[in-house]
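A.B. asks: Sharing protein_39.cif, mmCIF, N, CA and C atoms:
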data_entry
#
loop_
_atom_site.label_atom_id
_atom_site.label_comp_id
_atom_site.auth_asym_id
_atom_site.auth_seq_id
_atom_site.Cartn_x
_atom_site.Cartn_y
_atom_site.Cartn_z
N MET A 915 -75.60 84.79 -65.48
CA MET A 915 -76.29 84.07 -66.53
C MET A 915 -77.37 84.99 -67.12
N THR A 916 -77.65 84.78 -68.38
CA THR A 916 -78.58 85.66 -69.07
C THR A 916 -79.92 84.97 -69.27
N ALA A 917 -80.76 85.55 -70.12
CA ALA A 917 -82.09 85.02 -70.35
C ALA A 917 -82.05 83.58 -70.84
N HIS A 918 -81.02 83.21 -71.57
CA HIS A 918 -80.87 81.84 -72.03
C HIS A 918 -79.87 81.11 -71.15
N ALA A 919 -79.99 81.31 -69.87
CA ALA A 919 -79.01 80.76 -68.92
C ALA A 919 -78.89 79.26 -69.05
N ALA A 920 -77.76 78.78 -68.63
CA ALA A 920 -77.47 77.35 -68.73
C ALA A 920 -78.43 76.54 -67.88
N THR A 921 -78.86 75.44 -68.44
CA THR A 921 -79.62 74.44 -67.70
C THR A 921 -78.76 73.20 -67.66
N SER A 922 -79.24 72.16 -67.04
CA SER A 922 -78.43 70.94 -66.93
C SER A 922 -78.02 70.41 -68.30
N GLN A 923 -78.85 70.62 -69.32
CA GLN A 923 -78.48 70.15 -70.67
C GLN A 923 -77.34 70.97 -71.25
N HIS A 924 -77.10 72.17 -70.70
CA HIS A 924 -76.03 73.02 -71.21
C HIS A 924 -74.73 72.87 -70.45
N ILE A 925 -74.70 72.07 -69.41
CA ILE A 925 -73.48 71.89 -68.61
C ILE A 925 -72.29 71.47 -69.47
N PRO A 926 -72.44 70.59 -70.46
CA PRO A 926 -71.28 70.24 -71.28
C PRO A 926 -70.62 71.45 -71.97
N ALA A 927 -71.39 72.51 -72.23
CA ALA A 927 -70.83 73.70 -72.87
C ALA A 927 -69.88 74.44 -71.93
N LEU A 928 -69.98 74.19 -70.64
CA LEU A 928 -69.08 74.81 -69.67
C LEU A 928 -67.71 74.14 -69.64
N ALA A 929 -67.61 72.91 -70.13
CA ALA A 929 -66.36 72.14 -70.04
C ALA A 929 -65.16 72.87 -70.64
N PRO A 930 -65.24 73.42 -71.85
CA PRO A 930 -64.06 74.11 -72.38
C PRO A 930 -63.70 75.36 -71.57
N LEU A 931 -64.67 75.99 -70.95
CA LEU A 931 -64.37 77.16 -70.12
C LEU A 931 -63.61 76.73 -68.87
N GLU A 932 -64.02 75.61 -68.28
CA GLU A 932 -63.31 75.08 -67.11
C GLU A 932 -61.89 74.64 -67.50
N GLN A 933 -61.74 74.07 -68.69
CA GLN A 933 -60.39 73.69 -69.16
C GLN A 933 -59.52 74.93 -69.34
N TYR A 934 -60.10 75.98 -69.88
CA TYR A 934 -59.39 77.24 -70.05
C TYR A 934 -58.93 77.79 -68.70
N LEU A 935 -59.83 77.80 -67.73
CA LEU A 935 -59.48 78.28 -66.39
C LEU A 935 -58.40 77.39 -65.75
N GLU A 936 -58.48 76.09 -65.99
CA GLU A 936 -57.47 75.17 -65.45
C GLU A 936 -56.10 75.44 -66.07
N ALA A 937 -56.07 75.80 -67.34
CA ALA A 937 -54.80 76.17 -67.98
C ALA A 937 -54.17 77.35 -67.25
N HIS A 938 -54.99 78.32 -66.91
CA HIS A 938 -54.47 79.49 -66.18
C HIS A 938 -54.03 79.11 -64.77
N ARG A 939 -54.79 78.24 -64.10
CA ARG A 939 -54.43 77.85 -62.73
C ARG A 939 -53.13 77.07 -62.69
N THR A 940 -52.94 76.19 -63.66
CA THR A 940 -51.81 75.26 -63.63
C THR A 940 -50.63 75.67 -64.50
N GLY A 941 -50.90 76.51 -65.50
CA GLY A 941 -49.85 76.87 -66.45
C GLY A 941 -49.63 75.80 -67.50
N LYS A 942 -50.54 74.83 -67.60
CA LYS A 942 -50.36 73.70 -68.52
C LYS A 942 -51.10 73.94 -69.85
N ALA A 943 -50.33 73.96 -70.93
CA ALA A 943 -50.87 74.23 -72.27
C ALA A 943 -51.83 73.15 -72.74
N GLU A 944 -51.72 71.94 -72.22
CA GLU A 944 -52.60 70.85 -72.66
C GLU A 944 -54.07 71.22 -72.48
N TYR A 945 -54.38 72.02 -71.45
CA TYR A 945 -55.77 72.43 -71.24
C TYR A 945 -56.23 73.43 -72.30
N ILE A 946 -55.31 74.22 -72.82
CA ILE A 946 -55.65 75.14 -73.90
C ILE A 946 -56.06 74.34 -75.14
N PHE A 947 -55.29 73.31 -75.45
CA PHE A 947 -55.61 72.49 -76.62
C PHE A 947 -56.93 71.73 -76.43
N GLN A 948 -57.27 71.38 -75.20
CA GLN A 948 -58.55 70.72 -74.93
C GLN A 948 -59.71 71.70 -75.08
N ALA A 949 -59.49 72.95 -74.67
CA ALA A 949 -60.57 73.93 -74.62
C ALA A 949 -60.91 74.54 -75.97
N PHE A 950 -59.89 74.80 -76.79
CA PHE A 950 -60.09 75.54 -78.03
C PHE A 950 -60.20 74.63 -79.25
N HIS A 951 -61.03 75.02 -80.18
CA HIS A 951 -61.04 74.37 -81.49
C HIS A 951 -59.71 74.69 -82.18
N ALA A 952 -59.20 73.78 -82.96
CA ALA A 952 -57.88 73.95 -83.60
C ALA A 952 -57.81 75.20 -84.47
N ASP A 953 -58.94 75.64 -85.04
CA ASP A 953 -58.96 76.81 -85.91
C ASP A 953 -59.28 78.11 -85.17
N ALA A 954 -59.42 78.06 -83.87
CA ALA A 954 -59.78 79.25 -83.09
C ALA A 954 -58.69 80.32 -83.19
N ARG A 955 -59.10 81.55 -82.95
CA ARG A 955 -58.16 82.67 -82.89
C ARG A 955 -58.35 83.38 -81.55
N ILE A 956 -57.26 83.94 -81.05
CA ILE A 956 -57.26 84.73 -79.83
C ILE A 956 -56.90 86.14 -80.27
N ILE A 957 -57.86 87.07 -80.15
CA ILE A 957 -57.72 88.38 -80.78
C ILE A 957 -57.86 89.50 -79.75
N SER A 958 -56.98 90.49 -79.86
CA SER A 958 -57.08 91.68 -79.02
C SER A 958 -56.60 92.89 -79.82
N PHE A 959 -56.95 94.05 -79.32
CA PHE A 959 -56.48 95.30 -79.91
C PHE A 959 -55.86 96.10 -78.78
N ARG A 960 -54.57 96.34 -78.85
CA ARG A 960 -53.90 97.11 -77.80
C ARG A 960 -52.70 97.84 -78.39
N ASP A 961 -52.35 98.94 -77.76
CA ASP A 961 -51.24 99.77 -78.21
C ASP A 961 -51.37 100.13 -79.68
N GLY A 962 -52.61 100.33 -80.13
CA GLY A 962 -52.86 100.76 -81.50
C GLY A 962 -52.71 99.68 -82.55
N ALA A 963 -52.63 98.41 -82.13
CA ALA A 963 -52.42 97.34 -83.10
C ALA A 963 -53.32 96.14 -82.80
N LEU A 964 -53.75 95.49 -83.86
CA LEU A 964 -54.52 94.26 -83.75
C LEU A 964 -53.55 93.09 -83.54
N HIS A 965 -53.84 92.27 -82.53
CA HIS A 965 -53.03 91.08 -82.25
C HIS A 965 -53.94 89.87 -82.44
N SER A 966 -53.51 88.94 -83.26
CA SER A 966 -54.29 87.74 -83.54
C SER A 966 -53.38 86.53 -83.45
N LEU A 967 -53.69 85.64 -82.51
CA LEU A 967 -52.87 84.46 -82.28
C LEU A 967 -53.62 83.18 -82.65
N THR A 968 -52.89 82.19 -83.11
CA THR A 968 -53.45 80.85 -83.26
C THR A 968 -53.47 80.19 -81.89
N VAL A 969 -54.14 79.08 -81.78
CA VAL A 969 -54.15 78.33 -80.52
C VAL A 969 -52.73 77.89 -80.19
N GLU A 970 -51.99 77.46 -81.18
CA GLU A 970 -50.59 77.04 -80.98
C GLU A 970 -49.75 78.20 -80.42
N GLU A 971 -49.89 79.38 -81.00
CA GLU A 971 -49.14 80.55 -80.52
C GLU A 971 -49.56 80.92 -79.09
N PHE A 972 -50.85 80.91 -78.84
CA PHE A 972 -51.36 81.25 -77.51
C PHE A 972 -50.89 80.24 -76.47
N SER A 973 -50.85 78.98 -76.84
CA SER A 973 -50.46 77.92 -75.89
C SER A 973 -49.04 78.10 -75.38
N LYS A 974 -48.20 78.76 -76.13
CA LYS A 974 -46.81 78.96 -75.73
C LYS A 974 -46.69 79.88 -74.51
N ARG A 975 -47.76 80.56 -74.17
CA ARG A 975 -47.76 81.42 -72.98
C ARG A 975 -47.89 80.60 -71.69
N PHE A 976 -48.19 79.33 -71.83
CA PHE A 976 -48.38 78.44 -70.69
C PHE A 976 -47.16 77.54 -70.58
N GLN A 977 -46.38 77.77 -69.53
CA GLN A 977 -45.05 77.14 -69.41
C GLN A 977 -45.02 75.90 -68.52
N GLY A 978 -46.17 75.39 -68.11
CA GLY A 978 -46.20 74.12 -67.38
C GLY A 978 -46.23 74.23 -65.87
N GLN A 979 -46.24 75.45 -65.33
CA GLN A 979 -46.36 75.61 -63.89
C GLN A 979 -47.14 76.89 -63.59
N PRO A 980 -47.76 76.95 -62.41
CA PRO A 980 -48.51 78.15 -62.05
C PRO A 980 -47.59 79.37 -61.97
N GLN A 981 -48.18 80.53 -62.13
CA GLN A 981 -47.44 81.78 -61.99
C GLN A 981 -47.07 81.99 -60.52
N PRO A 982 -45.97 82.69 -60.25
CA PRO A 982 -45.54 82.91 -58.86
C PRO A 982 -46.60 83.58 -57.98
N ASP A 983 -47.45 84.43 -58.57
CA ASP A 983 -48.48 85.12 -57.79
C ASP A 983 -49.85 84.43 -57.88
N GLU A 984 -49.87 83.14 -58.19
CA GLU A 984 -51.13 82.40 -58.38
C GLU A 984 -52.08 82.56 -57.19
N ALA A 985 -51.57 82.59 -55.98
CA ALA A 985 -52.43 82.69 -54.80
C ALA A 985 -53.23 84.00 -54.77
N GLN A 986 -52.75 85.02 -55.47
CA GLN A 986 -53.45 86.31 -55.49
C GLN A 986 -54.35 86.47 -56.72
N ARG A 987 -54.36 85.50 -57.59
CA ARG A 987 -55.16 85.60 -58.82
C ARG A 987 -56.57 85.05 -58.59
N ARG A 988 -57.55 85.75 -59.14
CA ARG A 988 -58.95 85.33 -59.04
C ARG A 988 -59.54 85.28 -60.45
N ARG A 989 -60.34 84.24 -60.70
CA ARG A 989 -60.96 84.07 -62.01
C ARG A 989 -62.41 83.61 -61.82
N HIS A 990 -63.29 84.08 -62.70
CA HIS A 990 -64.66 83.58 -62.64
C HIS A 990 -65.36 83.78 -63.99
N ILE A 991 -66.37 82.96 -64.19
CA ILE A 991 -67.24 83.09 -65.36
C ILE A 991 -68.32 84.09 -64.96
N ALA A 992 -68.29 85.27 -65.57
CA ALA A 992 -69.21 86.34 -65.21
C ALA A 992 -70.58 86.19 -65.89
N SER A 993 -70.60 85.62 -67.09
CA SER A 993 -71.86 85.37 -67.77
C SER A 993 -71.69 84.21 -68.74
N PHE A 994 -72.81 83.56 -69.03
CA PHE A 994 -72.80 82.38 -69.89
C PHE A 994 -74.17 82.28 -70.53
N ASP A 995 -74.21 82.14 -71.84
CA ASP A 995 -75.46 82.11 -72.58
C ASP A 995 -75.37 81.04 -73.66
N VAL A 996 -76.36 80.15 -73.69
CA VAL A 996 -76.38 79.07 -74.67
C VAL A 996 -77.69 79.10 -75.43
N VAL A 997 -77.61 79.00 -76.75
CA VAL A 997 -78.78 78.82 -77.61
C VAL A 997 -78.41 77.77 -78.64
N GLY A 998 -79.08 76.64 -78.60
CA GLY A 998 -78.80 75.57 -79.56
C GLY A 998 -77.37 75.09 -79.43
N ASN A 999 -76.63 75.16 -80.55
CA ASN A 999 -75.25 74.67 -80.55
C ASN A 999 -74.22 75.80 -80.48
N ALA A 1000 -74.66 76.99 -80.05
CA ALA A 1000 -73.76 78.13 -79.91
C ALA A 1000 -73.87 78.70 -78.50
N ALA A 1001 -72.76 79.24 -78.02
CA ALA A 1001 -72.76 79.82 -76.68
C ALA A 1001 -71.76 80.97 -76.64
N THR A 1002 -71.93 81.80 -75.65
CA THR A 1002 -70.99 82.89 -75.40
C THR A 1002 -70.77 82.99 -73.90
N ALA A 1003 -69.58 83.40 -73.52
CA ALA A 1003 -69.26 83.55 -72.10
C ALA A 1003 -68.34 84.74 -71.91
N LYS A 1004 -68.47 85.35 -70.74
CA LYS A 1004 -67.57 86.41 -70.31
C LYS A 1004 -66.81 85.88 -69.10
N ILE A 1005 -65.49 85.92 -69.17
CA ILE A 1005 -64.64 85.45 -68.09
C ILE A 1005 -63.78 86.61 -67.61
N VAL A 1006 -63.70 86.78 -66.31
CA VAL A 1006 -62.88 87.83 -65.72
C VAL A 1006 -61.69 87.18 -65.01
N LEU A 1007 -60.49 87.64 -65.38
CA LEU A 1007 -59.25 87.20 -64.77
C LEU A 1007 -58.70 88.39 -64.00
N ASP A 1008 -58.86 88.38 -62.70
CA ASP A 1008 -58.45 89.49 -61.84
C ASP A 1008 -57.09 89.15 -61.22
N TYR A 1009 -56.05 89.77 -61.76
CA TYR A 1009 -54.68 89.52 -61.34
C TYR A 1009 -54.12 90.74 -60.62
N PRO A 1010 -53.07 90.59 -59.84
CA PRO A 1010 -52.53 91.73 -59.09
C PRO A 1010 -52.19 92.95 -59.95
N GLU A 1011 -51.68 92.74 -61.15
CA GLU A 1011 -51.23 93.86 -62.00
C GLU A 1011 -52.24 94.29 -63.06
N VAL A 1012 -53.19 93.41 -63.40
CA VAL A 1012 -54.08 93.66 -64.53
C VAL A 1012 -55.37 92.85 -64.38
N THR A 1013 -56.45 93.38 -64.93
CA THR A 1013 -57.70 92.62 -65.03
C THR A 1013 -57.97 92.38 -66.50
N PHE A 1014 -58.08 91.10 -66.86
CA PHE A 1014 -58.43 90.71 -68.22
C PHE A 1014 -59.91 90.39 -68.25
N THR A 1015 -60.57 90.85 -69.31
CA THR A 1015 -61.95 90.46 -69.56
C THR A 1015 -61.96 89.73 -70.89
N ASP A 1016 -62.30 88.45 -70.83
CA ASP A 1016 -62.31 87.58 -72.00
C ASP A 1016 -63.74 87.34 -72.45
N TYR A 1017 -63.95 87.40 -73.76
CA TYR A 1017 -65.23 87.05 -74.36
C TYR A 1017 -65.01 85.83 -75.23
N MET A 1018 -65.69 84.75 -74.88
CA MET A 1018 -65.53 83.48 -75.57
C MET A 1018 -66.77 83.18 -76.41
N ASN A 1019 -66.55 82.76 -77.65
CA ASN A 1019 -67.61 82.22 -78.48
C ASN A 1019 -67.36 80.73 -78.57
N LEU A 1020 -68.39 79.95 -78.29
CA LEU A 1020 -68.27 78.50 -78.30
C LEU A 1020 -69.23 77.89 -79.30
N LEU A 1021 -68.85 76.73 -79.83
CA LEU A 1021 -69.71 75.96 -80.72
C LEU A 1021 -69.68 74.50 -80.31
N GLN A 1022 -70.81 73.86 -80.50
CA GLN A 1022 -70.87 72.41 -80.33
C GLN A 1022 -70.69 71.82 -81.73
N ILE A 1023 -69.58 71.11 -81.91
CA ILE A 1023 -69.23 70.54 -83.21
C ILE A 1023 -69.17 69.03 -83.06
N ASP A 1024 -70.00 68.33 -83.81
CA ASP A 1024 -70.07 66.87 -83.71
C ASP A 1024 -70.23 66.41 -82.26
N GLY A 1025 -71.07 67.13 -81.51
CA GLY A 1025 -71.39 66.76 -80.14
C GLY A 1025 -70.40 67.23 -79.09
N VAL A 1026 -69.33 67.91 -79.50
CA VAL A 1026 -68.30 68.36 -78.55
C VAL A 1026 -68.24 69.88 -78.55
N TRP A 1027 -68.28 70.47 -77.35
CA TRP A 1027 -68.18 71.91 -77.20
C TRP A 1027 -66.72 72.34 -77.22
N LYS A 1028 -66.43 73.41 -77.96
CA LYS A 1028 -65.09 73.99 -78.04
C LYS A 1028 -65.20 75.51 -78.09
N ILE A 1029 -64.16 76.18 -77.60
CA ILE A 1029 -64.08 77.63 -77.77
C ILE A 1029 -63.68 77.89 -79.22
N ALA A 1030 -64.51 78.62 -79.95
CA ALA A 1030 -64.26 78.88 -81.37
C ALA A 1030 -63.39 80.12 -81.55
N ASN A 1031 -63.54 81.10 -80.65
CA ASN A 1031 -62.76 82.33 -80.70
C ASN A 1031 -62.77 83.01 -79.34
N LYS A 1032 -61.72 83.77 -79.10
CA LYS A 1032 -61.62 84.56 -77.87
C LYS A 1032 -61.19 85.97 -78.25
N THR A 1033 -61.90 86.95 -77.72
CA THR A 1033 -61.44 88.33 -77.78
C THR A 1033 -61.25 88.77 -76.33
N PHE A 1034 -60.37 89.72 -76.10
CA PHE A 1034 -60.16 90.15 -74.73
C PHE A 1034 -59.68 91.58 -74.65
N SER A 1035 -59.84 92.11 -73.45
CA SER A 1035 -59.36 93.45 -73.12
C SER A 1035 -58.55 93.33 -71.84
N ALA A 1036 -57.47 94.09 -71.76
CA ALA A 1036 -56.62 94.11 -70.56
C ALA A 1036 -56.67 95.51 -69.96
N ALA A 1037 -56.95 95.57 -68.66
CA ALA A 1037 -56.99 96.84 -67.94
C ALA A 1037 -55.92 96.83 -66.85
N PRO A 1038 -54.75 97.43 -67.12
CA PRO A 1038 -53.71 97.48 -66.10
C PRO A 1038 -54.21 98.22 -64.85
N LYS A 1039 -53.75 97.76 -63.70
CA LYS A 1039 -54.12 98.40 -62.44
C LYS A 1039 -53.07 99.43 -62.07
N THR A 1040 -53.54 100.53 -61.54
CA THR A 1040 -52.60 101.56 -61.07
C THR A 1040 -52.16 101.21 -59.66
N LYS A 1041 -50.95 101.59 -59.34
CA LYS A 1041 -50.42 101.26 -58.01
C LYS A 1041 -50.54 102.44 -57.09
#
Could the structure of this file be written out as structure tokens, please?

C.D. replies:
Amino acid sequence: MTAHAATSQHIPALAPLEQYLEAHRTGKAEYIFQAFHADARIISFRDGALHSLTVEEFSKRFQGQPQPDEAQRRRHIASFDVVGNAATAKIVLDYPEVTFTDYMNLLQIDGVWKIANKTFSAAPKTK
């Protein structure tokens, strides 16, 4: 947590992050739709190209069941910062083959917190 670390009033801002993590744990796309604002984008730059997905496109990566190596996967919220109706979080997804670092921008819209955008980096692990 940073200088503007979450207090009890900021706990609702964590809800979409927990939904996002639950999507990864369970493989269920419904949690992606709960976590992200409908207009959000999931953006990365890899192999020399910009990749930008809609929430609908990103949700297709979740097939309704956990991944076969789920027991070896570790995830955590590494940092979380809230100011007013905006927040940012860093999430680390440590998987056997790759470590993803996700940066989430969140907004409170009409009293509800949603992930507005996600950028990420993937670091493949050497064997």

A.B. asks: Do you know which residues the PyMOL selection byres (((chain A and resi 1003-1020 and name CA) around 10) and name CA) returns on this file, as number ranges by chain?

C.D. replies: A: 915, 927-928, 930-931, 934-935, 938, 949-951, 954, 956-958, 983-996, 999-1002, 1021-1023, 1027-1041

A.B. asks: Quick one: of A:Gln948, A:Ile925, A:Val1026, A:Ala943, who's nearest to Gln977 of chain A, counting only N, CA and C atoms?

C.D. replies: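 Of all the options, A:Ala943 lies closest to Gln977 of chain A.
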
A.B. asks: Mind pulling up the distance from atom N of Lys942 of chain A to atom N of Gln979 of chain A?

C.D. replies: 4.9 Å

A.B. asks: For the atom pair atom C of Asp953 of chain A and atom C of His965 of chain A, what is the interatomic distance in Å to one decimal place?

C.D. replies: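 Separating atom C of Asp953 of chain A from atom C of His965 of chain A is a distance of 13.2 Å.
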
A.B. asks: If you run DSSP over the backbone, which residues in segment 927-1028 of chain A end up strand (DSSP E)? Put them as a PyMOL selection string.

C.D. replies: chain A and resi 950-960+963-968+988-997+1000-1008+1012-1023+1026-1028

A.B. asks: If you run DSSP on this backbone, which residues of segment 920-1022 of chain A come out as alpha helix (DSSP H), and could you give them as an MDAnalysis selection string?

C.D. replies: chainID A and resid 925:940 944:949 969:973

A.B. asks: Give me the residues within 7 Å of Ser973 of chain A as a list in words, counting all atoms listed in the file and dropping any in the same chain fewer than 5 places off.

C.D. replies: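 These residues fall inside the cut-off: Ala943, Ile946, Phe947 and Thr968 of chain A.
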
A.B. asks: Interatomic distance between atom C of Glu944 of chain A and atom N of Ala963 of chain A?

C.D. replies: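 Interatomic distance here is 28.9 Å.
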
A.B. asks: Could you please fill out segment 1023-1033 of chain A with all heavy atoms and send it back as an mmCIF file, in the frame of the given file?

C.D. replies:
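So result_36.cif came out as:
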data_model
loop_
_atom_site.group_PDB
_atom_site.id
_atom_site.type_symbol
_atom_site.label_atom_id
_atom_site.label_comp_id
_atom_site.auth_asym_id
_atom_site.auth_seq_id
_atom_site.Cartn_x
_atom_site.Cartn_y
_atom_site.Cartn_z
ATOM 1 N N ILE A 1023 -69.580 71.110 -81.910
ATOM 2 C CA ILE A 1023 -69.230 70.540 -83.210
ATOM 3 C C ILE A 1023 -69.170 69.030 -83.060
ATOM 4 O O ILE A 1023 -68.393 68.516 -82.250
ATOM 5 C CB ILE A 1023 -67.868 71.098 -83.695
ATOM 6 C CG1 ILE A 1023 -67.916 72.631 -83.749
ATOM 7 C CG2 ILE A 1023 -67.482 70.493 -85.046
ATOM 8 C CD1 ILE A 1023 -66.568 73.291 -83.860
ATOM 9 N N ASP A 1024 -70.000 68.330 -83.810
ATOM 10 C CA ASP A 1024 -70.070 66.870 -83.710
ATOM 11 C C ASP A 1024 -70.230 66.410 -82.260
ATOM 12 O O ASP A 1024 -69.582 65.471 -81.796
ATOM 13 C CB ASP A 1024 -68.839 66.214 -84.341
ATOM 14 C CG ASP A 1024 -68.755 66.465 -85.838
ATOM 15 O OD1 ASP A 1024 -69.827 66.566 -86.482
ATOM 16 O OD2 ASP A 1024 -67.632 66.566 -86.358
ATOM 17 N N GLY A 1025 -71.070 67.130 -81.510
ATOM 18 C CA GLY A 1025 -71.390 66.760 -80.140
ATOM 19 C C GLY A 1025 -70.400 67.230 -79.090
ATOM 20 O O GLY A 1025 -70.591 66.979 -77.900
ATOM 21 N N VAL A 1026 -69.330 67.910 -79.500
ATOM 22 C CA VAL A 1026 -68.300 68.360 -78.550
ATOM 23 C C VAL A 1026 -68.240 69.880 -78.550
ATOM 24 O O VAL A 1026 -68.142 70.510 -79.604
ATOM 25 C CB VAL A 1026 -66.917 67.774 -78.941
ATOM 26 C CG1 VAL A 1026 -65.842 68.270 -77.984
ATOM 27 C CG2 VAL A 1026 -66.960 66.258 -78.972
ATOM 28 N N TRP A 1027 -68.280 70.470 -77.350
ATOM 29 C CA TRP A 1027 -68.180 71.910 -77.200
ATOM 30 C C TRP A 1027 -66.720 72.340 -77.220
ATOM 31 O O TRP A 1027 -65.879 71.727 -76.556
ATOM 32 C CB TRP A 1027 -68.829 72.369 -75.901
ATOM 33 C CG TRP A 1027 -70.317 72.348 -75.975
ATOM 34 C CD1 TRP A 1027 -71.143 71.320 -75.585
ATOM 35 C CD2 TRP A 1027 -71.161 73.371 -76.485
ATOM 36 N NE1 TRP A 1027 -72.451 71.658 -75.815
ATOM 37 C CE2 TRP A 1027 -72.496 72.916 -76.366
ATOM 38 C CE3 TRP A 1027 -70.925 74.630 -77.023
ATOM 39 C CZ2 TRP A 1027 -73.581 73.682 -76.770
ATOM 40 C CZ3 TRP A 1027 -72.008 75.394 -77.426
ATOM 41 C CH2 TRP A 1027 -73.316 74.919 -77.297
ATOM 42 N N LYS A 1028 -66.430 73.410 -77.960
ATOM 43 C CA LYS A 1028 -65.090 73.990 -78.040
ATOM 44 C C LYS A 1028 -65.200 75.510 -78.090
ATOM 45 O O LYS A 1028 -66.193 76.054 -78.589
ATOM 46 C CB LYS A 1028 -64.342 73.526 -79.303
ATOM 47 C CG LYS A 1028 -64.002 72.052 -79.332
ATOM 48 C CD LYS A 1028 -62.859 71.740 -78.402
ATOM 49 C CE LYS A 1028 -62.444 70.287 -78.520
ATOM 50 N NZ LYS A 1028 -61.313 69.962 -77.659
ATOM 51 N N ILE A 1029 -64.160 76.180 -77.600
ATOM 52 C CA ILE A 1029 -64.080 77.630 -77.770
ATOM 53 C C ILE A 1029 -63.680 77.890 -79.220
ATOM 54 O O ILE A 1029 -62.643 77.392 -79.671
ATOM 55 C CB ILE A 1029 -63.062 78.254 -76.802
ATOM 56 C CG1 ILE A 1029 -63.478 77.991 -75.350
ATOM 57 C CG2 ILE A 1029 -62.917 79.752 -77.075
ATOM 58 C CD1 ILE A 1029 -62.410 78.321 -74.326
ATOM 59 N N ALA A 1030 -64.510 78.620 -79.950
ATOM 60 C CA ALA A 1030 -64.260 78.880 -81.370
ATOM 61 C C ALA A 1030 -63.390 80.120 -81.550
ATOM 62 O O ALA A 1030 -62.603 80.200 -82.486
ATOM 63 C CB ALA A 1030 -65.571 79.047 -82.119
ATOM 64 N N ASN A 1031 -63.540 81.100 -80.650
ATOM 65 C CA ASN A 1031 -62.760 82.330 -80.700
ATOM 66 C C ASN A 1031 -62.770 83.010 -79.340
ATOM 67 O O ASN A 1031 -63.719 82.846 -78.571
ATOM 68 C CB ASN A 1031 -63.314 83.314 -81.742
ATOM 69 C CG ASN A 1031 -62.943 82.906 -83.142
ATOM 70 O OD1 ASN A 1031 -61.775 82.777 -83.470
ATOM 71 N ND2 ASN A 1031 -63.947 82.687 -83.971
ATOM 72 N N LYS A 1032 -61.720 83.770 -79.100
ATOM 73 C CA LYS A 1032 -61.620 84.560 -77.870
ATOM 74 C C LYS A 1032 -61.190 85.970 -78.250
ATOM 75 O O LYS A 1032 -60.259 86.150 -79.020
ATOM 76 C CB LYS A 1032 -60.574 83.942 -76.943
ATOM 77 C CG LYS A 1032 -60.169 84.836 -75.781
ATOM 78 C CD LYS A 1032 -59.000 84.251 -75.006
ATOM 79 C CE LYS A 1032 -58.315 85.346 -74.207
ATOM 80 N NZ LYS A 1032 -57.273 84.847 -73.334
ATOM 81 N N THR A 1033 -61.900 86.950 -77.720
ATOM 82 C CA THR A 1033 -61.440 88.330 -77.780
ATOM 83 C C THR A 1033 -61.250 88.770 -76.330
ATOM 84 O O THR A 1033 -61.901 88.223 -75.429
ATOM 85 C CB THR A 1033 -62.419 89.269 -78.497
ATOM 86 O OG1 THR A 1033 -63.660 89.253 -77.811
ATOM 87 C CG2 THR A 1033 -62.602 88.858 -79.949
#
